[in-house]
$ cat input35.pdb   # PDB, C-alpha atoms
ATOM      1  CA  MET A  14      34.541-186.359 -40.598  1.00  0.00           C
ATOM      2  CA  GLY A  15      31.762-185.217 -38.272  1.00  0.00           C
ATOM      3  CA  THR A  16      29.854-187.292 -35.774  1.00  0.00           C
ATOM      4  CA  PRO A  17      26.670-188.886 -37.139  1.00  0.00           C
ATOM      5  CA  LEU A  18      23.445-187.705 -35.496  1.00  0.00           C
ATOM      6  CA  SER A  19      21.356-190.125 -33.463  1.00  0.00           C
ATOM      7  CA  GLY A  20      17.575-189.851 -33.385  1.00  0.00           C
ATOM      8  CA  LYS A  21      17.367-191.307 -29.870  1.00  0.00           C
ATOM      9  CA  ASN A  22      16.261-187.978 -28.372  1.00  0.00           C
ATOM     10  CA  GLY A  23      14.184-186.882 -31.364  1.00  0.00           C
ATOM     11  CA  LYS A  24      10.706-185.405 -31.185  1.00  0.00           C
ATOM     12  CA  VAL A  25       8.163-183.431 -33.190  1.00  0.00           C
ATOM     13  CA  MET A  26       6.846-180.149 -31.807  1.00  0.00           C
ATOM     14  CA  LEU A  27       3.985-177.898 -32.845  1.00  0.00           C
ATOM     15  CA  GLY A  28       4.967-174.533 -31.427  1.00  0.00           C
ATOM     16  CA  SER A  29       6.063-175.201 -27.847  1.00  0.00           C
ATOM     17  CA  VAL A  30       4.068-178.462 -27.524  1.00  0.00           C
ATOM     18  CA  THR A  31       5.684-181.871 -28.031  1.00  0.00           C
ATOM     19  CA  ILE A  32       3.439-184.189 -30.015  1.00  0.00           C
ATOM     20  CA  ALA A  33       3.092-187.317 -27.860  1.00  0.00           C
ATOM     21  CA  ASN A  34       4.504-190.730 -28.724  1.00  0.00           C
ATOM     22  CA  ILE A  35       6.052-189.911 -32.098  1.00  0.00           C
ATOM     23  CA  LYS A  36       8.771-192.428 -32.989  1.00  0.00           C
ATOM     24  CA  GLU A  37       9.816-191.475 -36.509  1.00  0.00           C
ATOM     25  CA  TRP A  38       9.852-188.528 -38.876  1.00  0.00           C
ATOM     26  CA  ALA A  39      11.095-187.930 -42.425  1.00  0.00           C
ATOM     27  CA  ILE A  40      11.589-185.094 -44.911  1.00  0.00           C
ATOM     28  CA  SER A  41      11.493-186.042 -48.606  1.00  0.00           C
ATOM     29  CA  GLY A  42      13.986-183.355 -49.608  1.00  0.00           C
ATOM     30  CA  PHE A  43      14.052-180.531 -52.152  1.00  0.00           C
ATOM     31  CA  VAL A  44      13.543-181.474 -55.816  1.00  0.00           C
ATOM     32  CA  MET A  45      14.411-179.260 -58.787  1.00  0.00           C
ATOM     33  CA  GLY A  46      11.917-179.527 -61.628  1.00  0.00           C
ATOM     34  CA  THR A  47      13.067-180.252 -65.158  1.00  0.00           C
ATOM     35  CA  LEU A  48      11.895-179.536 -68.696  1.00  0.00           C
ATOM     36  CA  GLU A  49      12.512-182.008 -71.500  1.00  0.00           C
ATOM     37  CA  THR A  50      14.451-180.546 -74.438  1.00  0.00           C
ATOM     38  CA  SER A  51      14.642-183.666 -76.628  1.00  0.00           C
ATOM     39  CA  ALA A  52      13.866-183.162 -80.308  1.00  0.00           C
ATOM     40  CA  PHE A  53      12.771-185.459 -83.099  1.00  0.00           C
ATOM     41  CA  GLY A  54      15.477-187.965 -83.941  1.00  0.00           C
ATOM     42  CA  THR A  55      17.202-188.008 -80.538  1.00  0.00           C
ATOM     43  CA  THR A  56      17.697-191.403 -78.915  1.00  0.00           C
ATOM     44  CA  ILE A  57      18.320-190.210 -75.351  1.00  0.00           C
ATOM     45  CA  LYS A  58      16.169-187.602 -73.617  1.00  0.00           C
ATOM     46  CA  THR A  59      17.772-184.311 -72.580  1.00  0.00           C
ATOM     47  CA  PHE A  60      16.599-181.924 -69.874  1.00  0.00           C
ATOM     48  CA  ILE A  61      17.214-178.489 -68.412  1.00  0.00           C
ATOM     49  CA  PRO A  62      16.252-177.216 -64.933  1.00  0.00           C
ATOM     50  CA  ASP A  63      12.953-175.322 -64.958  1.00  0.00           C
ATOM     51  CA  ASP A  64      13.945-173.137 -61.983  1.00  0.00           C
ATOM     52  CA  LEU A  65      10.832-174.230 -60.066  1.00  0.00           C
ATOM     53  CA  GLY A  66      11.967-176.214 -57.089  1.00  0.00           C
ATOM     54  CA  ASP A  67       9.589-178.352 -55.043  1.00  0.00           C
ATOM     55  CA  PRO A  68      10.386-178.124 -51.311  1.00  0.00           C
ATOM     56  CA  GLY A  69       8.948-181.603 -50.793  1.00  0.00           C
ATOM     57  CA  THR A  70       6.921-183.324 -48.118  1.00  0.00           C
ATOM     58  CA  LEU A  71       7.313-184.402 -44.517  1.00  0.00           C
ATOM     59  CA  SER A  72       5.813-187.204 -42.473  1.00  0.00           C
ATOM     60  CA  PHE A  73       5.861-188.442 -38.914  1.00  0.00           C
ATOM     61  CA  SER A  74       4.378-191.387 -37.065  1.00  0.00           C
ATOM     62  CA  GLY A  75       4.264-193.111 -33.715  1.00  0.00           C
ATOM     63  CA  ASN A  76       1.933-194.638 -31.151  1.00  0.00           C
ATOM     64  CA  TYR A  77      -1.651-193.397 -31.192  1.00  0.00           C
ATOM     65  CA  ASP A  78      -2.556-191.333 -28.115  1.00  0.00           C
ATOM     66  CA  PRO A  79      -6.248-190.321 -28.047  1.00  0.00           C
ATOM     67  CA  SER A  80      -5.626-188.159 -24.965  1.00  0.00           C
ATOM     68  CA  ASP A  81      -3.018-185.935 -26.697  1.00  0.00           C
ATOM     69  CA  ALA A  82      -5.378-182.979 -27.269  1.00  0.00           C
ATOM     70  CA  THR A  83      -2.619-180.394 -27.785  1.00  0.00           C
ATOM     71  CA  GLY A  84      -0.407-182.508 -30.071  1.00  0.00           C
ATOM     72  CA  GLN A  85      -1.896-185.301 -32.184  1.00  0.00           C
ATOM     73  CA  ALA A  86      -5.396-183.764 -32.121  1.00  0.00           C
ATOM     74  CA  ALA A  87      -4.020-180.290 -32.904  1.00  0.00           C
ATOM     75  CA  ILE A  88      -2.201-181.534 -36.027  1.00  0.00           C
ATOM     76  CA  ASP A  89      -5.389-183.332 -37.099  1.00  0.00           C
ATOM     77  CA  ALA A  90      -7.355-180.084 -36.629  1.00  0.00           C
ATOM     78  CA  LEU A  91      -4.892-178.228 -38.896  1.00  0.00           C
ATOM     79  CA  CYS A  92      -5.570-180.790 -41.605  1.00  0.00           C
ATOM     80  CA  ALA A  93      -9.345-180.684 -41.212  1.00  0.00           C
ATOM     81  CA  ALA A  94      -9.392-176.868 -41.323  1.00  0.00           C
ATOM     82  CA  GLY A  95      -6.963-176.568 -44.237  1.00  0.00           C
ATOM     83  CA  THR A  96      -4.797-174.292 -42.092  1.00  0.00           C
ATOM     84  CA  THR A  97      -1.074-173.920 -42.772  1.00  0.00           C
ATOM     85  CA  SER A  98       1.569-173.866 -40.051  1.00  0.00           C
ATOM     86  CA  THR A  99       5.003-172.311 -39.739  1.00  0.00           C
ATOM     87  CA  ASP A 100       5.835-173.651 -36.287  1.00  0.00           C
ATOM     88  CA  LEU A 101       6.307-177.398 -36.807  1.00  0.00           C
ATOM     89  CA  TYR A 102       9.749-178.538 -35.645  1.00  0.00           C
ATOM     90  CA  LEU A 103      11.343-181.927 -36.338  1.00  0.00           C
ATOM     91  CA  TYR A 104      14.075-182.640 -33.778  1.00  0.00           C
ATOM     92  CA  ALA A 105      16.886-185.165 -34.217  1.00  0.00           C
ATOM     93  CA  ASN A 106      18.150-184.420 -30.698  1.00  0.00           C
ATOM     94  CA  THR A 107      18.010-181.661 -28.111  1.00  0.00           C
ATOM     95  CA  SER A 108      20.032-179.175 -30.184  1.00  0.00           C
ATOM     96  CA  THR A 109      19.368-180.056 -33.850  1.00  0.00           C
ATOM     97  CA  PHE A 110      16.040-179.558 -35.585  1.00  0.00           C
ATOM     98  CA  TRP A 111      14.452-178.774 -38.944  1.00  0.00           C
ATOM     99  CA  ARG A 112      11.842-176.094 -39.635  1.00  0.00           C
ATOM    100  CA  VAL A 113      10.315-174.532 -42.724  1.00  0.00           C
ATOM    101  CA  GLY A 114      12.397-171.624 -44.012  1.00  0.00           C
ATOM    102  CA  SER A 115      11.375-167.968 -43.864  1.00  0.00           C
ATOM    103  CA  GLY A 116       8.334-167.219 -46.015  1.00  0.00           C
ATOM    104  CA  GLY A 117       7.317-170.877 -46.192  1.00  0.00           C
ATOM    105  CA  SER A 118       4.591-172.927 -44.577  1.00  0.00           C
ATOM    106  CA  ILE A 119       3.472-176.509 -44.114  1.00  0.00           C
ATOM    107  CA  ILE A 120       0.079-177.702 -45.312  1.00  0.00           C
ATOM    108  CA  THR A 121      -1.028-180.734 -43.282  1.00  0.00           C
ATOM    109  CA  THR A 122      -2.314-183.134 -45.955  1.00  0.00           C
ATOM    110  CA  LYS A 123      -3.009-186.208 -43.812  1.00  0.00           C
ATOM    111  CA  GLY A 124      -4.132-186.048 -40.202  1.00  0.00           C
ATOM    112  CA  LYS A 125      -4.433-188.753 -37.605  1.00  0.00           C
ATOM    113  CA  ALA A 126      -4.299-191.848 -39.830  1.00  0.00           C
ATOM    114  CA  VAL A 127      -4.825-194.497 -37.142  1.00  0.00           C
ATOM    115  CA  SER A 128      -4.061-198.194 -37.454  1.00  0.00           C
ATOM    116  CA  PHE A 129      -4.510-201.095 -35.040  1.00  0.00           C
ATOM    117  CA  SER A 130      -3.319-204.678 -35.307  1.00  0.00           C
ATOM    118  CA  ARG A 131      -4.493-207.640 -33.256  1.00  0.00           C
ATOM    119  CA  SER A 132      -1.169-208.047 -31.499  1.00  0.00           C
ATOM    120  CA  GLY A 133       0.228-204.530 -31.290  1.00  0.00           C
ATOM    121  CA  LEU A 134      -0.231-200.956 -30.203  1.00  0.00           C
ATOM    122  CA  GLY A 135      -2.290-198.519 -32.213  1.00  0.00           C
ATOM    123  CA  THR A 136      -0.205-196.342 -34.506  1.00  0.00           C
ATOM    124  CA  VAL A 137      -0.819-192.912 -35.988  1.00  0.00           C
ATOM    125  CA  SER A 138       0.725-191.046 -38.907  1.00  0.00           C
ATOM    126  CA  PHE A 139       0.631-187.534 -40.327  1.00  0.00           C
ATOM    127  CA  GLU A 140       1.849-185.967 -43.588  1.00  0.00           C
ATOM    128  CA  GLY A 141       2.422-182.453 -44.865  1.00  0.00           C
ATOM    129  CA  LYS A 142       3.347-180.569 -48.039  1.00  0.00           C
ATOM    130  CA  ILE A 143       6.063-177.958 -47.682  1.00  0.00           C
ATOM    131  CA  SER A 144       5.300-174.733 -49.568  1.00  0.00           C
ATOM    132  CA  GLY A 145       7.163-171.524 -50.339  1.00  0.00           C
ATOM    133  CA  ALA A 146      10.542-172.399 -48.786  1.00  0.00           C
ATOM    134  CA  ALA A 147      12.681-175.469 -48.163  1.00  0.00           C
ATOM    135  CA  MET A 148      13.132-177.025 -44.750  1.00  0.00           C
ATOM    136  CA  GLU A 149      16.243-175.748 -42.973  1.00  0.00           C
ATOM    137  CA  GLN A 150      18.413-177.397 -40.368  1.00  0.00           C
ATOM    138  CA  VAL A 151      19.137-175.469 -37.183  1.00  0.00           C
ATOM    139  CA  GLY A 152      22.012-176.612 -34.968  1.00  0.00           C
ATOM    140  CA  LEU A 153      24.708-179.217 -35.371  1.00  0.00           C
ATOM    141  CA  GLY A 154      24.604-180.827 -31.939  1.00  0.00           C
ATOM    142  CA  THR A 155      24.747-184.456 -30.955  1.00  0.00           C
TER     143      THR A 155
END
$ encode --input "input35.pdb" --output "structure tokens"
Amino acid sequence: MGTPLSGKNGKVMLGSVTIANIKEWAISGFVMGTLETSAFGTTIKTFIPDDLGDPGTLSFSGNYDPSDATGQAAIDALCAAGTTSTDLYLYANTSTFWRVGSGGSIITTKGKAVSFSRSGLGTVSFEGKISGAAMEQVGLGT
């Protein structure tokens, strides 16, 4: 059995720039679509794969940093412009990361969603839709 990965040294990068103060990221995972094949008189639905997979979504969040012009603001600008990206990297540690596969892209669907509470730090979150290829893991390090 392999060694579980720790996210202690994780980060999110846009190209060669680390997006400041990100504390968490997630990938929803690949989902295969289905078509219902049930007919009149059946009591339990039946399905077949429709051969149209959905590569899913991704999200990341952390502490809001209004001075992060090349990270948090850059992701927000991608969303506002409707521009896709192919160079967003989600790191679990220094040698293991996920990226969109060849021919795919990420559409930023939510940029700089900021939240403040009376007794805490401001937080920020971002979301994206993966298109054209699934996310792929690179590296197996610890």
$ closest_atom_pairs --input "input35.pdb" --of "stretch 82-125 of chain A" --to "stretch 29-46 of chain A" --cutoff "12 Å" --atoms "only C-alpha atoms" --output "tab-separated table"
residue	atom	partner	partner_atom	distance
A:Ala82	CA	A:Ile32	CA	9.3
A:Thr83	CA	A:Val30	CA	7.0
A:Gly84	CA	A:Ile32	CA	4.2
A:Gln85	CA	A:Ile32	CA	5.9
A:Ala86	CA	A:Ile32	CA	9.1
A:Ala87	CA	A:Ile32	CA	8.9
A:Ile88	CA	A:Ile32	CA	8.7
A:Asp89	CA	A:Ile32	CA	11.4
A:Asp100	CA	A:Ser29	CA	8.6
A:Leu101	CA	A:Ser29	CA	9.2
A:Tyr102	CA	A:Ser29	CA	9.2
A:Leu103	CA	A:Trp38	CA	7.2
A:Tyr104	CA	A:Trp38	CA	8.9
A:Ala105	CA	A:Trp38	CA	9.1
A:Phe110	CA	A:Trp38	CA	11.4
A:Trp111	CA	A:Ile40	CA	9.2
A:Arg112	CA	A:Ile40	CA	10.4
A:Val113	CA	A:Ile40	CA	10.9
A:Ile119	CA	A:Ile40	CA	11.8
A:Lys125	CA	A:Ile32	CA	11.8
$ atom_distance --input "input35.pdb" --atom1 "atom CA of A:Met148" --atom2 "atom CA of A:Leu48"
24.1 Å
$ resolve_selection --input "input35.pdb" --expression "the PyMOL selection byres ((chain A and resi 123) around 9)" --output "MDAnalysis selection string"
chainID A and resid 72 89 92:93 121:122 124:126 138:141
$ write_last_selection --input "input35.pdb" --atoms "C-alpha atoms" --output "CSV table (one decimal), in the coordinates of the input"
chain,number,residue,atom,x,y,z
A,72,SER,CA,5.8,-187.2,-42.5
A,89,ASP,CA,-5.4,-183.3,-37.1
A,92,CYS,CA,-5.6,-180.8,-41.6
A,93,ALA,CA,-9.3,-180.7,-41.2
A,121,THR,CA,-1.0,-180.7,-43.3
A,122,THR,CA,-2.3,-183.1,-46.0
A,124,GLY,CA,-4.1,-186.0,-40.2
A,125,LYS,CA,-4.4,-188.8,-37.6
A,126,ALA,CA,-4.3,-191.8,-39.8
A,138,SER,CA,0.7,-191.0,-38.9
A,139,PHE,CA,0.6,-187.5,-40.3
A,140,GLU,CA,1.8,-186.0,-43.6
A,141,GLY,CA,2.4,-182.5,-44.9
$ closest_residue --input "input35.pdb" --among "A:Lys142, A:Val151, A:Phe73, A:Asp78" --to "A:Gly95" --atoms "all atoms listed in the file"
A:Lys142
$ atom_distance --input "input35.pdb" --atom1 "atom CA of A:Asp64" --atom2 "atom CA of A:Thr97"
24.4 Å
$ atom_distance --input "input35.pdb" --atom1 "atom CA of A:Leu71" --atom2 "atom CA of A:Met26"
13.4 Å
$ build_atoms --input "input35.pdb" --residues "stretch 35-59 of chain A" --atoms "N, CA and C atoms" --output "PDB file, in the coordinates of the input"
ATOM      1  N   ILE A  35       5.540-189.816 -30.730  1.00  0.00           N
ATOM      2  CA  ILE A  35       6.052-189.911 -32.098  1.00  0.00           C
ATOM      3  C   ILE A  35       7.394-190.650 -32.059  1.00  0.00           C
ATOM      4  N   LYS A  36       7.573-191.587 -32.972  1.00  0.00           N
ATOM      5  CA  LYS A  36       8.771-192.428 -32.989  1.00  0.00           C
ATOM      6  C   LYS A  36       9.635-192.234 -34.232  1.00  0.00           C
ATOM      7  N   GLU A  37       9.076-191.583 -35.251  1.00  0.00           N
ATOM      8  CA  GLU A  37       9.816-191.475 -36.509  1.00  0.00           C
ATOM      9  C   GLU A  37       9.316-190.269 -37.294  1.00  0.00           C
ATOM     10  N   TRP A  38      10.243-189.593 -37.961  1.00  0.00           N
ATOM     11  CA  TRP A  38       9.852-188.528 -38.876  1.00  0.00           C
ATOM     12  C   TRP A  38      10.767-188.548 -40.082  1.00  0.00           C
ATOM     13  N   ALA A  39      10.301-187.953 -41.195  1.00  0.00           N
ATOM     14  CA  ALA A  39      11.095-187.930 -42.425  1.00  0.00           C
ATOM     15  C   ALA A  39      10.751-186.690 -43.240  1.00  0.00           C
ATOM     16  N   ILE A  40      11.755-186.186 -43.958  1.00  0.00           N
ATOM     17  CA  ILE A  40      11.589-185.094 -44.911  1.00  0.00           C
ATOM     18  C   ILE A  40      12.011-185.653 -46.270  1.00  0.00           C
ATOM     19  N   SER A  41      11.173-185.464 -47.295  1.00  0.00           N
ATOM     20  CA  SER A  41      11.493-186.042 -48.606  1.00  0.00           C
ATOM     21  C   SER A  41      12.674-185.361 -49.282  1.00  0.00           C
ATOM     22  N   GLY A  42      12.892-184.094 -48.993  1.00  0.00           N
ATOM     23  CA  GLY A  42      13.986-183.355 -49.608  1.00  0.00           C
ATOM     24  C   GLY A  42      13.516-182.474 -50.759  1.00  0.00           C
ATOM     25  N   PHE A  43      14.337-181.515 -51.110  1.00  0.00           N
ATOM     26  CA  PHE A  43      14.052-180.531 -52.152  1.00  0.00           C
ATOM     27  C   PHE A  43      14.303-181.163 -53.521  1.00  0.00           C
ATOM     28  N   VAL A  44      13.402-180.918 -54.469  1.00  0.00           N
ATOM     29  CA  VAL A  44      13.543-181.474 -55.816  1.00  0.00           C
ATOM     30  C   VAL A  44      13.457-180.335 -56.827  1.00  0.00           C
ATOM     31  N   MET A  45      14.440-180.254 -57.712  1.00  0.00           N
ATOM     32  CA  MET A  45      14.411-179.260 -58.787  1.00  0.00           C
ATOM     33  C   MET A  45      13.647-179.842 -59.964  1.00  0.00           C
ATOM     34  N   GLY A  46      12.674-179.095 -60.463  1.00  0.00           N
ATOM     35  CA  GLY A  46      11.917-179.527 -61.628  1.00  0.00           C
ATOM     36  C   GLY A  46      12.766-179.476 -62.892  1.00  0.00           C
ATOM     37  N   THR A  47      12.338-180.227 -63.891  1.00  0.00           N
ATOM     38  CA  THR A  47      13.067-180.252 -65.158  1.00  0.00           C
ATOM     39  C   THR A  47      12.101-180.106 -66.330  1.00  0.00           C
ATOM     40  N   LEU A  48      12.632-179.638 -67.447  1.00  0.00           N
ATOM     41  CA  LEU A  48      11.895-179.536 -68.696  1.00  0.00           C
ATOM     42  C   LEU A  48      12.630-180.367 -69.738  1.00  0.00           C
ATOM     43  N   GLU A  49      11.884-181.186 -70.463  1.00  0.00           N
ATOM     44  CA  GLU A  49      12.512-182.008 -71.500  1.00  0.00           C
ATOM     45  C   GLU A  49      12.815-181.160 -72.725  1.00  0.00           C
ATOM     46  N   THR A  50      14.029-181.303 -73.262  1.00  0.00           N
ATOM     47  CA  THR A  50      14.451-180.546 -74.438  1.00  0.00           C
ATOM     48  C   THR A  50      14.724-181.455 -75.632  1.00  0.00           C
ATOM     49  N   SER A  51      14.393-182.717 -75.535  1.00  0.00           N
ATOM     50  CA  SER A  51      14.642-183.666 -76.628  1.00  0.00           C
ATOM     51  C   SER A  51      13.881-183.249 -77.879  1.00  0.00           C
ATOM     52  N   ALA A  52      14.486-183.486 -79.020  1.00  0.00           N
ATOM     53  CA  ALA A  52      13.866-183.162 -80.308  1.00  0.00           C
ATOM     54  C   ALA A  52      13.679-184.442 -81.116  1.00  0.00           C
ATOM     55  N   PHE A  53      12.933-184.316 -82.207  1.00  0.00           N
ATOM     56  CA  PHE A  53      12.771-185.459 -83.099  1.00  0.00           C
ATOM     57  C   PHE A  53      14.133-186.008 -83.490  1.00  0.00           C
ATOM     58  N   GLY A  54      14.243-187.321 -83.512  1.00  0.00           N
ATOM     59  CA  GLY A  54      15.477-187.965 -83.941  1.00  0.00           C
ATOM     60  C   GLY A  54      16.461-188.258 -82.826  1.00  0.00           C
ATOM     61  N   THR A  55      16.278-187.704 -81.632  1.00  0.00           N
ATOM     62  CA  THR A  55      17.202-188.008 -80.538  1.00  0.00           C
ATOM     63  C   THR A  55      16.883-189.384 -79.964  1.00  0.00           C
ATOM     64  N   THR A  56      17.887-190.057 -79.474  1.00  0.00           N
ATOM     65  CA  THR A  56      17.697-191.403 -78.915  1.00  0.00           C
ATOM     66  C   THR A  56      17.798-191.428 -77.395  1.00  0.00           C
ATOM     67  N   ILE A  57      18.253-190.324 -76.804  1.00  0.00           N
ATOM     68  CA  ILE A  57      18.320-190.210 -75.351  1.00  0.00           C
ATOM     69  C   ILE A  57      17.732-188.849 -74.977  1.00  0.00           C
ATOM     70  N   LYS A  58      16.809-188.844 -74.036  1.00  0.00           N
ATOM     71  CA  LYS A  58      16.169-187.602 -73.617  1.00  0.00           C
ATOM     72  C   LYS A  58      17.177-186.651 -72.996  1.00  0.00           C
ATOM     73  N   THR A  59      16.961-185.350 -73.213  1.00  0.00           N
ATOM     74  CA  THR A  59      17.772-184.311 -72.580  1.00  0.00           C
ATOM     75  C   THR A  59      16.849-183.381 -71.803  1.00  0.00           C
TER      76      THR A  59
END
